[in-house]
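The file model14.cif comes next; it holds mmCIF, C-alpha atoms and all ligand atoms.
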data_structure
#
loop_
_atom_site.label_atom_id
_atom_site.label_comp_id
_atom_site.auth_asym_id
_atom_site.auth_seq_id
_atom_site.Cartn_x
_atom_site.Cartn_y
_atom_site.Cartn_z
CA MET A 68 -22.30 -73.72 -193.89
CA SER A 69 -23.64 -72.54 -197.22
CA GLN A 70 -21.79 -70.15 -199.45
CA LEU A 71 -24.66 -67.70 -199.01
CA ILE A 72 -24.21 -67.49 -195.28
CA GLN A 73 -20.48 -67.11 -195.80
CA SER A 74 -20.90 -64.19 -198.18
CA GLU A 75 -23.41 -62.57 -195.85
CA LYS A 76 -20.87 -62.92 -193.08
CA MET A 77 -18.26 -61.29 -195.30
CA ALA A 78 -20.58 -58.40 -196.07
CA ALA A 79 -21.27 -57.90 -192.37
CA LEU A 80 -17.57 -58.13 -191.60
CA GLY A 81 -16.91 -55.60 -194.34
CA LEU A 82 -19.33 -53.10 -192.85
CA LEU A 83 -17.88 -53.62 -189.41
CA VAL A 84 -14.35 -53.11 -190.69
CA ALA A 85 -15.36 -49.96 -192.57
CA GLY A 86 -16.96 -48.56 -189.44
CA VAL A 87 -14.02 -49.46 -187.24
CA ALA A 88 -11.44 -48.15 -189.72
CA HIS A 89 -13.26 -44.84 -190.00
CA GLU A 90 -13.80 -44.61 -186.27
CA ILE A 91 -10.12 -45.28 -185.55
CA ASN A 92 -8.69 -43.06 -188.23
CA THR A 93 -9.84 -39.74 -186.83
CA PRO A 94 -8.42 -40.13 -183.31
CA MET A 95 -5.42 -41.91 -184.83
CA GLY A 96 -4.87 -38.98 -187.16
CA ALA A 97 -4.94 -36.60 -184.21
CA ILE A 98 -2.51 -38.68 -182.11
CA HIS A 99 -0.17 -39.20 -185.06
CA SER A 100 -0.14 -35.48 -185.79
CA ASN A 101 0.18 -34.46 -182.12
CA ASN A 102 3.18 -36.70 -181.73
CA ASP A 103 4.79 -35.08 -184.74
CA ILE A 104 4.11 -31.67 -183.20
CA MET A 105 5.75 -32.76 -179.94
CA THR A 106 8.80 -33.94 -181.84
CA ARG A 107 9.02 -30.57 -183.55
CA ALA A 108 8.54 -28.73 -180.24
CA VAL A 109 11.35 -30.71 -178.58
CA ALA A 110 13.66 -29.85 -181.48
CA LYS A 111 12.74 -26.16 -181.20
CA ILE A 112 13.33 -26.10 -177.45
CA ARG A 113 16.74 -27.75 -177.97
CA LYS A 114 17.65 -25.09 -180.49
CA LEU A 115 16.56 -22.28 -178.13
CA LEU A 116 18.62 -23.72 -175.28
CA GLY A 117 21.77 -23.31 -177.30
CA PRO A 118 24.94 -25.39 -177.25
CA ALA A 119 25.33 -25.79 -173.44
CA PRO A 120 21.92 -26.52 -171.94
CA ASP A 121 21.16 -27.35 -168.32
CA LYS A 122 21.89 -31.04 -167.70
CA GLU A 123 18.51 -31.86 -166.17
CA ILE A 124 16.55 -30.04 -168.89
CA SER A 125 18.63 -31.84 -171.48
CA ARG A 126 17.91 -35.21 -169.84
CA LEU A 127 14.16 -34.50 -169.77
CA LEU A 128 14.22 -33.50 -173.43
CA ASP A 129 16.00 -36.75 -174.24
CA ILE A 130 13.22 -38.68 -172.50
CA LEU A 131 10.55 -36.71 -174.37
CA GLY A 132 12.32 -37.33 -177.65
CA GLU A 133 12.56 -41.04 -176.93
CA ILE A 134 8.87 -41.21 -176.05
CA CYS A 135 7.96 -39.44 -179.27
CA ARG A 136 9.95 -41.94 -181.30
CA ASN A 137 8.30 -44.77 -179.42
CA ASN A 138 4.85 -43.29 -180.01
CA GLU A 139 5.61 -43.02 -183.68
CA ILE A 140 6.41 -46.72 -183.91
CA ALA A 141 3.22 -47.52 -181.99
CA THR A 142 0.97 -45.33 -184.14
CA ASP A 143 2.56 -46.64 -187.31
CA ARG A 144 1.72 -50.15 -186.17
CA ILE A 145 -1.92 -49.27 -185.55
CA MET A 146 -2.23 -47.45 -188.87
CA LYS A 147 -0.71 -50.38 -190.71
CA THR A 148 -3.13 -52.80 -189.08
CA VAL A 149 -6.13 -50.64 -189.95
CA ARG A 150 -4.91 -50.38 -193.52
CA SER A 151 -4.54 -54.15 -193.69
CA LEU A 152 -7.97 -54.77 -192.21
CA LYS A 153 -9.44 -52.45 -194.78
CA ASN A 154 -7.43 -54.03 -197.54
CA PHE A 155 -8.33 -57.52 -196.39
CA ALA A 156 -12.06 -56.91 -196.41
CA ARG A 157 -11.82 -54.77 -199.56
CA LEU A 158 -15.35 -53.52 -199.07
CA ASP A 159 -14.97 -51.07 -201.87
CA GLU A 160 -14.41 -54.04 -204.15
CA ALA A 161 -17.29 -56.44 -203.69
CA GLU A 162 -17.29 -57.13 -207.41
CA ARG A 163 -14.63 -58.47 -209.69
CA LYS A 164 -11.49 -56.42 -209.87
CA THR A 165 -8.17 -56.66 -211.62
CA VAL A 166 -5.56 -56.65 -208.88
CA ASN A 167 -2.11 -57.83 -208.00
CA ILE A 168 -2.62 -60.60 -205.47
CA HIS A 169 0.62 -59.73 -203.69
CA GLU A 170 -1.32 -56.92 -202.01
CA GLY A 171 -3.84 -59.35 -200.56
CA ILE A 172 -1.10 -61.72 -199.39
CA GLU A 173 0.78 -58.87 -197.70
CA SER A 174 -2.36 -57.65 -195.92
CA THR A 175 -3.18 -61.14 -194.74
CA LEU A 176 0.34 -61.61 -193.39
CA THR A 177 0.11 -58.32 -191.52
CA LEU A 178 -3.13 -59.39 -189.90
CA LEU A 179 -1.56 -62.69 -188.88
CA GLN A 180 1.50 -61.06 -187.40
CA HIS A 181 0.56 -61.61 -183.79
CA GLN A 182 0.14 -65.34 -184.42
CA LEU A 183 3.45 -65.63 -186.20
CA ARG A 184 5.71 -63.20 -184.43
CA ASN A 185 8.95 -64.65 -183.08
CA ARG A 186 7.71 -68.18 -183.63
CA ILE A 187 7.52 -68.46 -187.39
CA ARG A 188 9.78 -67.02 -190.02
CA ILE A 189 7.99 -65.82 -193.15
CA VAL A 190 9.90 -66.15 -196.40
CA LYS A 191 8.40 -64.37 -199.37
CA GLN A 192 9.49 -65.34 -202.85
CA PHE A 193 7.29 -63.14 -204.95
CA GLY A 194 7.67 -63.57 -208.67
CA ASP A 195 6.81 -61.19 -211.44
CA ILE A 196 3.12 -61.94 -211.83
CA PRO A 197 0.52 -60.03 -213.81
CA GLU A 198 -2.63 -58.61 -212.26
CA ILE A 199 -5.57 -60.98 -212.42
CA GLU A 200 -9.29 -60.48 -212.57
CA CYS A 201 -10.75 -61.91 -209.37
CA LEU A 202 -12.81 -61.34 -206.26
CA PRO A 203 -10.01 -59.97 -204.10
CA ASN A 204 -11.75 -60.28 -200.74
CA GLN A 205 -12.59 -63.92 -201.43
CA LEU A 206 -9.04 -64.76 -202.46
CA ASN A 207 -7.85 -63.08 -199.27
CA GLN A 208 -10.06 -65.54 -197.39
CA VAL A 209 -8.21 -68.36 -199.11
CA PHE A 210 -4.78 -66.97 -198.19
CA MET A 211 -5.97 -66.42 -194.63
CA ASN A 212 -7.28 -69.97 -194.19
CA VAL A 213 -4.24 -71.65 -195.69
CA LEU A 214 -1.81 -69.45 -193.76
CA VAL A 215 -3.63 -70.03 -190.46
CA ASN A 216 -3.56 -73.78 -191.08
CA ALA A 217 0.16 -73.58 -191.82
CA ALA A 218 0.82 -71.61 -188.63
CA GLN A 219 -1.24 -74.09 -186.60
CA ALA A 220 0.68 -77.03 -188.09
CA ILE A 221 3.97 -75.64 -186.80
CA GLN A 222 4.28 -76.73 -183.23
CA ASP A 223 7.14 -74.67 -181.95
CA ARG A 224 9.34 -72.79 -184.36
CA GLY A 225 9.38 -73.06 -188.09
CA GLU A 226 9.04 -71.38 -191.42
CA ILE A 227 6.28 -70.51 -193.85
CA ARG A 228 7.32 -69.87 -197.42
CA VAL A 229 5.02 -67.99 -199.77
CA LYS A 230 5.95 -68.25 -203.41
CA THR A 231 4.29 -66.75 -206.47
CA TRP A 232 5.10 -67.24 -210.12
CA THR A 233 3.61 -67.30 -213.56
CA ALA A 234 3.14 -70.64 -215.35
CA GLY A 235 1.76 -70.37 -218.85
CA ASP A 236 -1.54 -68.52 -218.69
CA ALA A 237 -1.93 -68.96 -214.94
CA VAL A 238 -0.65 -67.45 -211.73
CA LYS A 239 0.58 -69.87 -209.09
CA ILE A 240 0.81 -69.33 -205.37
CA SER A 241 2.37 -71.90 -203.08
CA ILE A 242 2.29 -71.78 -199.30
CA SER A 243 4.69 -74.22 -197.61
CA ASP A 244 5.13 -74.86 -193.94
CA THR A 245 7.61 -76.86 -191.90
CA GLY A 246 4.81 -78.24 -189.76
CA ILE A 247 3.67 -81.69 -188.71
CA GLY A 248 2.38 -82.68 -192.14
CA ILE A 249 -0.83 -84.42 -193.15
CA PRO A 250 -1.07 -88.24 -192.91
CA THR A 251 -1.64 -89.85 -196.31
CA GLU A 252 -5.00 -91.26 -195.24
CA HIS A 253 -6.25 -87.73 -194.50
CA LEU A 254 -5.18 -86.17 -197.78
CA SER A 255 -8.38 -87.11 -199.58
CA LYS A 256 -10.55 -85.69 -196.77
CA ILE A 257 -9.08 -82.33 -195.88
CA PHE A 258 -11.21 -80.45 -198.42
CA ASP A 259 -14.41 -82.06 -197.09
CA PRO A 260 -16.60 -79.70 -195.14
CA GLY A 261 -16.41 -80.53 -191.46
CA PHE A 262 -13.19 -82.55 -191.59
CA THR A 263 -10.94 -81.43 -188.79
CA THR A 264 -8.30 -82.93 -186.54
CA LYS A 265 -8.23 -79.91 -184.28
CA GLY A 266 -10.81 -80.94 -181.78
CA VAL A 267 -14.14 -79.50 -180.74
CA GLY A 268 -14.10 -75.76 -180.38
CA LEU A 269 -10.74 -75.45 -182.07
CA GLY A 270 -11.49 -76.15 -185.71
CA THR A 271 -14.73 -76.14 -187.68
CA GLY A 272 -13.20 -78.06 -190.55
CA LEU A 273 -14.70 -75.56 -192.96
CA GLY A 274 -11.58 -73.58 -193.83
CA LEU A 275 -10.28 -75.68 -196.69
CA SER A 276 -13.69 -76.56 -198.09
CA LEU A 277 -14.36 -72.85 -198.40
CA CYS A 278 -10.97 -72.34 -200.05
CA TYR A 279 -11.81 -75.10 -202.51
CA LYS A 280 -15.12 -73.48 -203.38
CA ILE A 281 -13.61 -70.03 -203.85
CA VAL A 282 -10.76 -71.28 -206.00
CA GLN A 283 -13.23 -73.30 -208.06
CA ASP A 284 -15.33 -70.17 -208.59
CA HIS A 285 -12.18 -68.61 -210.03
CA HIS A 286 -11.78 -71.62 -212.37
CA GLY A 287 -8.58 -72.51 -210.57
CA THR A 288 -7.26 -75.43 -208.58
CA ILE A 289 -5.89 -75.97 -205.09
CA GLU A 290 -3.53 -78.91 -204.55
CA VAL A 291 -1.72 -80.31 -201.57
CA GLU A 292 1.54 -82.17 -201.04
CA SER A 293 2.65 -83.31 -197.66
CA SER A 294 5.23 -85.29 -195.77
CA ASN A 295 6.29 -85.37 -192.15
CA GLN A 296 8.65 -82.51 -193.04
CA GLY A 297 5.79 -80.18 -193.85
CA THR A 298 3.00 -79.31 -196.23
CA THR A 299 2.66 -77.30 -199.41
CA PHE A 300 -0.61 -75.95 -200.77
CA THR A 301 -0.43 -74.79 -204.38
CA ILE A 302 -3.14 -72.56 -205.80
CA THR A 303 -3.40 -72.09 -209.54
CA LEU A 304 -5.45 -69.20 -210.90
CA PRO A 305 -5.97 -68.71 -214.63
CA LEU A 306 -5.24 -65.21 -215.96
CA GLU A 307 -8.50 -65.21 -217.88
CA ALA A 308 -11.20 -66.45 -215.55
CA MET B 3 -8.22 -12.83 -186.93
CA THR B 4 -5.74 -11.59 -189.47
CA GLU B 5 -3.27 -9.74 -187.32
CA ASN B 6 -0.34 -10.19 -189.68
CA SER B 7 0.38 -10.86 -193.32
CA ASN B 8 0.25 -14.65 -192.93
CA PRO B 9 -2.32 -16.38 -195.14
CA THR B 10 -5.59 -17.37 -193.50
CA ILE B 11 -6.92 -20.93 -193.62
CA LEU B 12 -10.49 -21.85 -192.81
CA LEU B 13 -10.72 -25.35 -191.38
CA VAL B 14 -13.91 -27.34 -190.77
CA ASP B 15 -14.08 -30.70 -189.00
CA ASP B 16 -16.78 -31.88 -186.65
CA GLU B 17 -14.08 -33.45 -184.47
CA GLU B 18 -12.54 -30.98 -182.05
CA MET B 19 -9.42 -33.17 -181.74
CA VAL B 20 -8.61 -32.75 -185.43
CA LEU B 21 -9.03 -28.98 -185.25
CA ASN B 22 -6.90 -28.79 -182.12
CA SER B 23 -4.11 -30.82 -183.60
CA MET B 24 -3.96 -28.78 -186.80
CA LYS B 25 -4.20 -25.55 -184.81
CA SER B 26 -1.24 -26.64 -182.68
CA PHE B 27 0.71 -27.63 -185.75
CA PHE B 28 0.32 -24.27 -187.42
CA ALA B 29 0.93 -22.52 -184.10
CA ILE B 30 4.31 -24.21 -183.84
CA GLU B 31 5.04 -23.70 -187.52
CA ASN B 32 3.98 -20.10 -187.12
CA ASN B 33 3.05 -19.46 -190.72
CA TYR B 34 -0.73 -19.41 -191.08
CA ASN B 35 -3.71 -17.88 -189.34
CA LEU B 36 -6.34 -20.50 -188.70
CA MET B 37 -10.12 -20.09 -188.45
CA THR B 38 -11.61 -23.33 -187.15
CA TYR B 39 -15.21 -24.54 -187.10
CA THR B 40 -16.84 -27.76 -185.92
CA SER B 41 -19.98 -26.71 -187.82
CA PRO B 42 -19.93 -26.23 -191.59
CA LEU B 43 -23.20 -24.25 -191.33
CA LYS B 44 -21.65 -21.81 -188.89
CA ALA B 45 -18.63 -21.50 -191.15
CA LEU B 46 -20.85 -20.63 -194.14
CA GLU B 47 -22.81 -18.16 -192.04
CA ASP B 48 -19.60 -16.37 -191.05
CA LEU B 49 -18.30 -16.45 -194.62
CA ASN B 50 -21.51 -14.89 -195.89
CA ARG B 51 -21.74 -12.28 -193.16
CA ASN B 52 -18.37 -10.71 -192.71
CA HIS B 53 -16.05 -10.52 -195.62
CA ALA B 54 -13.20 -12.00 -193.67
CA HIS B 55 -10.31 -12.69 -195.96
CA VAL B 56 -9.75 -16.40 -196.48
CA ASP B 57 -6.93 -17.81 -198.63
CA LEU B 58 -7.68 -21.53 -198.45
CA VAL B 59 -10.42 -23.82 -197.15
CA ILE B 60 -10.05 -27.33 -195.73
CA SER B 61 -13.05 -29.48 -194.85
CA ASP B 62 -13.66 -32.92 -193.43
CA TYR B 63 -15.87 -35.17 -195.58
CA LEU B 64 -18.12 -36.99 -193.14
CA MET B 65 -19.89 -34.48 -190.88
CA PRO B 66 -23.37 -34.76 -189.37
CA GLU B 67 -24.72 -31.40 -190.55
CA MET B 68 -23.48 -31.39 -194.11
CA ASP B 69 -20.91 -33.41 -196.01
CA GLY B 70 -17.64 -31.78 -196.92
CA ILE B 71 -18.26 -31.83 -200.65
CA THR B 72 -21.55 -29.96 -200.35
CA PHE B 73 -19.86 -27.52 -198.01
CA LEU B 74 -16.95 -26.91 -200.36
CA ALA B 75 -19.31 -26.51 -203.33
CA LYS B 76 -21.04 -23.71 -201.40
CA VAL B 77 -17.69 -22.16 -200.56
CA LYS B 78 -16.87 -22.20 -204.27
CA GLU B 79 -19.96 -20.10 -205.06
CA LYS B 80 -18.80 -17.54 -202.54
CA LEU B 81 -15.04 -17.69 -203.13
CA PRO B 82 -14.41 -19.16 -206.59
CA MET B 83 -10.67 -18.47 -206.57
CA VAL B 84 -9.87 -19.99 -203.18
CA PRO B 85 -8.37 -23.51 -203.24
CA ARG B 86 -10.52 -26.10 -201.50
CA ILE B 87 -9.10 -29.23 -199.87
CA LEU B 88 -11.06 -32.25 -198.65
CA LEU B 89 -10.07 -34.40 -195.67
CA THR B 90 -11.21 -38.00 -196.00
CA GLY B 91 -11.18 -41.21 -194.00
CA TYR B 92 -10.53 -44.55 -195.66
CA ALA B 93 -14.14 -45.58 -195.86
CA ASP B 94 -15.23 -42.67 -198.02
CA LYS B 95 -12.19 -42.34 -200.25
CA GLU B 96 -13.85 -43.56 -203.45
CA ASN B 97 -16.84 -41.24 -203.10
CA ALA B 98 -14.50 -38.42 -202.30
CA ILE B 99 -12.41 -38.96 -205.41
CA LYS B 100 -15.52 -39.05 -207.57
CA ALA B 101 -16.72 -35.82 -206.03
CA ILE B 102 -13.34 -34.18 -206.46
CA ASN B 103 -13.74 -34.44 -210.20
CA ASN B 104 -17.35 -33.22 -210.10
CA VAL B 105 -16.85 -30.23 -207.83
CA GLY B 106 -13.33 -29.36 -208.97
CA LEU B 107 -11.54 -29.56 -205.65
CA TYR B 108 -7.90 -28.71 -205.47
CA GLN B 109 -6.75 -31.78 -203.47
CA TYR B 110 -7.72 -34.31 -200.88
CA ILE B 111 -5.83 -35.41 -197.80
CA GLU B 112 -6.37 -38.80 -196.22
CA LYS B 113 -6.78 -39.35 -192.49
CA PRO B 114 -4.60 -40.17 -190.65
CA TRP B 115 -2.71 -37.36 -192.30
CA ASP B 116 0.96 -36.51 -192.34
CA ASN B 117 1.77 -32.96 -191.22
CA GLU B 118 4.51 -32.56 -193.78
CA ASP B 119 2.08 -33.55 -196.58
CA LEU B 120 -0.52 -31.20 -195.17
CA LYS B 121 1.99 -28.36 -195.23
CA LEU B 122 2.98 -29.14 -198.81
CA VAL B 123 -0.59 -29.38 -200.11
CA ILE B 124 -1.46 -26.08 -198.45
CA ARG B 125 1.66 -24.36 -199.73
CA ASN B 126 1.01 -25.56 -203.28
CA GLY B 127 -2.63 -24.51 -203.03
CA LEU B 128 -1.67 -21.02 -201.92
CA GLU B 129 0.97 -20.80 -204.61
CA LYS B 130 -1.64 -21.66 -207.19
CA THR B 131 -3.76 -18.73 -205.99
CA THR B 132 -0.78 -16.41 -206.08
CA LEU B 133 0.00 -17.50 -209.63
CA LEU B 134 -3.62 -17.00 -210.64
CA HIS B 135 -3.56 -13.50 -209.16
CA GLN B 136 -0.33 -12.75 -210.96
CA LEU B 137 -1.84 -14.00 -214.20
CA GLU B 138 -4.88 -11.78 -213.71
CA GLU B 139 -2.59 -8.85 -213.03
CA LYS B 140 -0.61 -9.57 -216.21
CA VAL B 141 -3.82 -9.84 -218.25
CA ARG B 142 -4.92 -6.48 -216.88
CA GLU B 143 -1.52 -4.98 -217.74
CA VAL B 144 -1.71 -6.30 -221.28
CA GLU B 145 -5.22 -4.90 -221.65
CA ARG B 146 -4.06 -1.53 -220.35
CA ALA B 147 -1.12 -1.52 -222.76
CA GLN B 148 -3.43 -2.45 -225.61
CA ARG B 149 -5.78 0.40 -224.72
CA GLU B 150 -2.88 2.86 -224.60
CA LEU B 151 -1.65 1.58 -227.92
CA SER B 152 -5.00 2.08 -229.56
CA GLU B 153 -5.11 5.63 -228.11
CA VAL B 154 -1.74 6.34 -229.68
CA GLN B 155 -2.96 4.81 -232.91
CA LYS B 156 -5.98 7.12 -232.87
CA ASP B 157 -3.73 10.13 -232.21
CA ILE B 158 -1.52 9.20 -235.14
CA LEU B 159 -4.47 8.70 -237.41
CA ARG B 160 -5.84 12.07 -236.30
CA VAL B 161 -2.53 13.78 -237.17
CA PHE B 162 -2.40 12.26 -240.60
CA ALA B 163 -6.06 12.53 -241.34
N1 LIG C 1 -0.78 -77.00 -193.34
C1 LIG C 1 -1.34 -78.06 -192.74
N2 LIG C 1 -0.58 -78.94 -192.05
C2 LIG C 1 -1.11 -80.01 -191.44
N3 LIG C 1 -2.44 -80.29 -191.49
C3 LIG C 1 -3.24 -79.48 -192.16
C4 LIG C 1 -2.74 -78.32 -192.82
N4 LIG C 1 -3.79 -77.68 -193.41
C5 LIG C 1 -4.88 -78.42 -193.13
N5 LIG C 1 -4.58 -79.47 -192.37
C6 LIG C 1 -5.50 -80.51 -191.90
O1 LIG C 1 -6.71 -80.37 -192.59
C7 LIG C 1 -7.80 -80.24 -191.67
C8 LIG C 1 -8.89 -79.39 -192.27
O2 LIG C 1 -8.46 -78.05 -192.40
P1 LIG C 1 -9.53 -76.88 -192.46
O3 LIG C 1 -8.82 -75.60 -192.64
O4 LIG C 1 -10.57 -77.23 -193.45
O5 LIG C 1 -10.22 -76.97 -191.05
P2 LIG C 1 -9.57 -76.63 -189.62
O6 LIG C 1 -8.35 -75.84 -189.80
O7 LIG C 1 -9.49 -77.93 -188.86
O8 LIG C 1 -10.70 -75.76 -188.97
P3 LIG C 1 -10.86 -74.18 -189.14
O9 LIG C 1 -10.35 -73.83 -190.51
O10 LIG C 1 -12.29 -73.93 -188.97
O11 LIG C 1 -10.02 -73.59 -188.07
C9 LIG C 1 -7.17 -79.70 -190.42
O12 LIG C 1 -7.90 -80.03 -189.27
C10 LIG C 1 -5.80 -80.39 -190.43
O13 LIG C 1 -5.89 -81.70 -189.94
MG MG C 2 -8.27 -74.06 -191.11
#
What would the structure in this file look like if it were written as structure tokens?
Ligand SMILES: Nc1ncnc2c1ncn2[C@@H]1O[C@H](COP(=O)(O)OP(=O)(O)OP(=O)(O)O)[C@@H](O)[C@H]1O
Ligand SMILES: [Mg+2]
Amino acid sequence: MSQLIQSEKMAALGLLVAGVAHEINTPMGAIHSNNDIMTRAVAKIRKLLGPAPDKEISRLLDILGEICRNNEIATDRIMKTVRSLKNFARLDEAERKTVNIHEGIESTLTLLQHQLRNRIRIVKQFGDIPEIECLPNQLNQVFMNVLVNAAQAIQDRGEIRVKTWTAGDAVKISISDTGIGIPTEHLSKIFDPGFTTKGVGLGTGLGLSLCYKIVQDHHGTIEVESSNQGTTFTITLPLEA
Amino acid sequence: MTENSNPTILLVDDEEMVLNSMKSFFAIENNYNLMTYTSPLKALEDLNRNHAHVDLVISDYLMPEMDGITFLAKVKEKLPMVPRILLTGYADKENAIKAINNVGLYQYIEKPWDNEDLKLVIRNGLEKTTLLHQLEEKVREVERAQRELSEVQKDILRVFA
């Protein structure tokens, strides 16, 4: 797959995400607000009933209150996902921007939540890193690919550790998993386009080659270290591209 | 619509569900009169026809008939002192912010909005109008005092002339 097709795909995805985010936000806004109104109404009714309300009315109000709280958690989840989608695609930022990459990592992790939940513990060790000039949506692609690979390498339960720090005039990001590891004979091939061990229909083998290309465009490097205890990908991005 | 001394808010959004939710919110909060429109054109028509008193205007950004910034710019011509607030979705935030500086809007609120924020923005907007009115009143008072003073001055000069 050429880089051109990839960036066209990103542009199309961006438009789709913008449309979906906008389409969801209006009804979401209404539901979110309506739920808040219900919560307020329940509180007002409670106040009107005074200190010794009818038992059954009180029980029903408790149920309503509980439902409102539950709805709030549910709507918050949806709103957070939409925000992350929007942040991930960063359509408003197709050009170079100076950003803190922690934002992109956080958004990517949110989007991956359903794949990770309960199964994989995420440990974030975010250092004090400066903002860097980059193509944020492209870097998010890198984080996404590496994190998905890490999650897929963990068979049952495990841990993914995301570390960031500053080293000289570069920012470093390492993503370590406690997965199956990469056999030594594969290490030289994993960045080749089309190399996959995931089987037909499961992997395209393009993920890491794309990551390599994107990191290279940023004048950075992506390195791998692996044993049967797990794998660490380390991305180095210069402050001045 | 103004059947009490509560401030009146004119609200425009092409989505009925947004209008309904905000209407319910202010019904339960019991502190504002609301005039709601799904059509910005109809809202302008009514504003131009009857001189209904409006204290604050809120408009959605993306509407099929007319975008919220154009609408609020027209409201400004008609009611220059009334605070104007724009409602925006994520996708049009950047444009909205640009326009806010160009058209001189009071504030913008992002969808999905928080009712408590909405209340605060409205309250601050109304307070700003009140302060502006008070300032105008004070300026008028000062002018009146100045006029009186110059009358007295004339009288004195006349006596000593
Ligand atoms: N964290 C990891 N642990 C173990 N093996 C890995 C890890 N990351 C990559 N690999 C190996 O490298 C190969 C190539 O990865 P790449 O992301 O390029 O393609 P893929 O994941 O197979 O396919 P796709 O990205 O399209 O789903 C994988 O098939 C896998 O064998
Ligand atoms: Mg992959």
Tyr34 of chain B environment, 8 Å, only C-alpha atoms, sequence neighbours closer than 4 positions dropped, as a list in words: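 What passes the distance filter is Asn8, Pro9, Thr10, Ile11, Phe28 and Ala29 of chain B.
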Those same residues - C-alpha atoms - I'd like them written as a PDB file, in the coordinates of the input.
ATOM      1  CA  ASN B   8       0.250 -14.650-192.930  1.00  0.00           C
ATOM      2  CA  PRO B   9      -2.320 -16.380-195.140  1.00  0.00           C
ATOM      3  CA  THR B  10      -5.590 -17.370-193.500  1.00  0.00           C
ATOM      4  CA  ILE B  11      -6.920 -20.930-193.620  1.00  0.00           C
ATOM      5  CA  PHE B  28       0.320 -24.270-187.420  1.00  0.00           C
ATOM      6  CA  ALA B  29       0.930 -22.520-184.100  1.00  0.00           C
TER       7      ALA B  29
END
How big is the axis-aligned box around the listed atoms of ligand LIG 1 (chain C) once 4 Å is added on each side, and where is its centre? Give both in Å to one decimal, as lines of an AutoDock Vina configuration file.
center_x = -6.4
center_y = -77.6
center_z = -190.8
size_x = 19.7
size_y = 16.1
size_z = 13.4
Give me the residues near His169 of chain A as number ranges by chain, where near means some atom within 9 Å (using all atoms listed in the file) and where sequence neighbours in that chain fewer than 2 positions away do not count. A: 166-167, 171-174, 193, 196, 231
Expected selection as a ChimeraX atom specification for ligand LIG 1 (chain C) within 8 Å, only C-alpha atoms and all ligand atoms: /A:212-221,243-244,246-249,253-254,256-266,269-277,293,297-300
Could you write out as a list of chain:residue names the residues of chain A within 6 Å of chain B, counting all atoms listed in the file?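 Interface list for chain A against chain B: A:Ala85, A:His89, A:Asn92, A:Gly96, A:Ala97, A:Asn101, A:Ile104.
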Using all atoms listed in the file, which residue out of B:Leu12, B:Ile111, B:Val154, B:Asp57 lies closest to Thr131 of chain B? B:Asp57
Rank nothing, just name the residue among A:Leu127, A:Val238, A:Leu179, A:Val209 nearest to ligand MG 2 (chain C), using all atoms listed in the file.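 Smallest separation from ligand MG 2 (chain C) among the options: A:Val209.
Note that the spacing between atom CA of Tyr279 of chain A and atom CA of Leu83 of chain A amounts to 25.9 Å.
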For atom CA of Leu152 of chain A and atom CA of Thr93 of chain A, the interatomic separation in Å (one decimal): 16.1 Å
For the atom pair atom CA of Ile98 of chain A and atom CA of Leu120 of chain B, what is the interatomic distance in Å to one decimal place?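 So the answer is 15.2 Å.
Ranking A:Leu206, A:Ile240, A:Val267, A:Met211 by their shortest atom-to-atom distance to ligand MG 2 (chain C), with all atoms listed in the file included, puts A:Met211 first.
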Top pick for closest residue to ligand MG 2 (chain C), considering A:Thr233, A:Thr165, A:Ser125, A:Gln208 and counting only C-alpha atoms and all ligand atoms: A:Gln208
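If you count only C-alpha atoms and ignore residues fewer than 5 places along the chain from Leu128 of chain B, what sits within 9 Å of it is Pro9, Asp57, Leu58, Val84, Pro85, Val123 and Leu133 of chain B.
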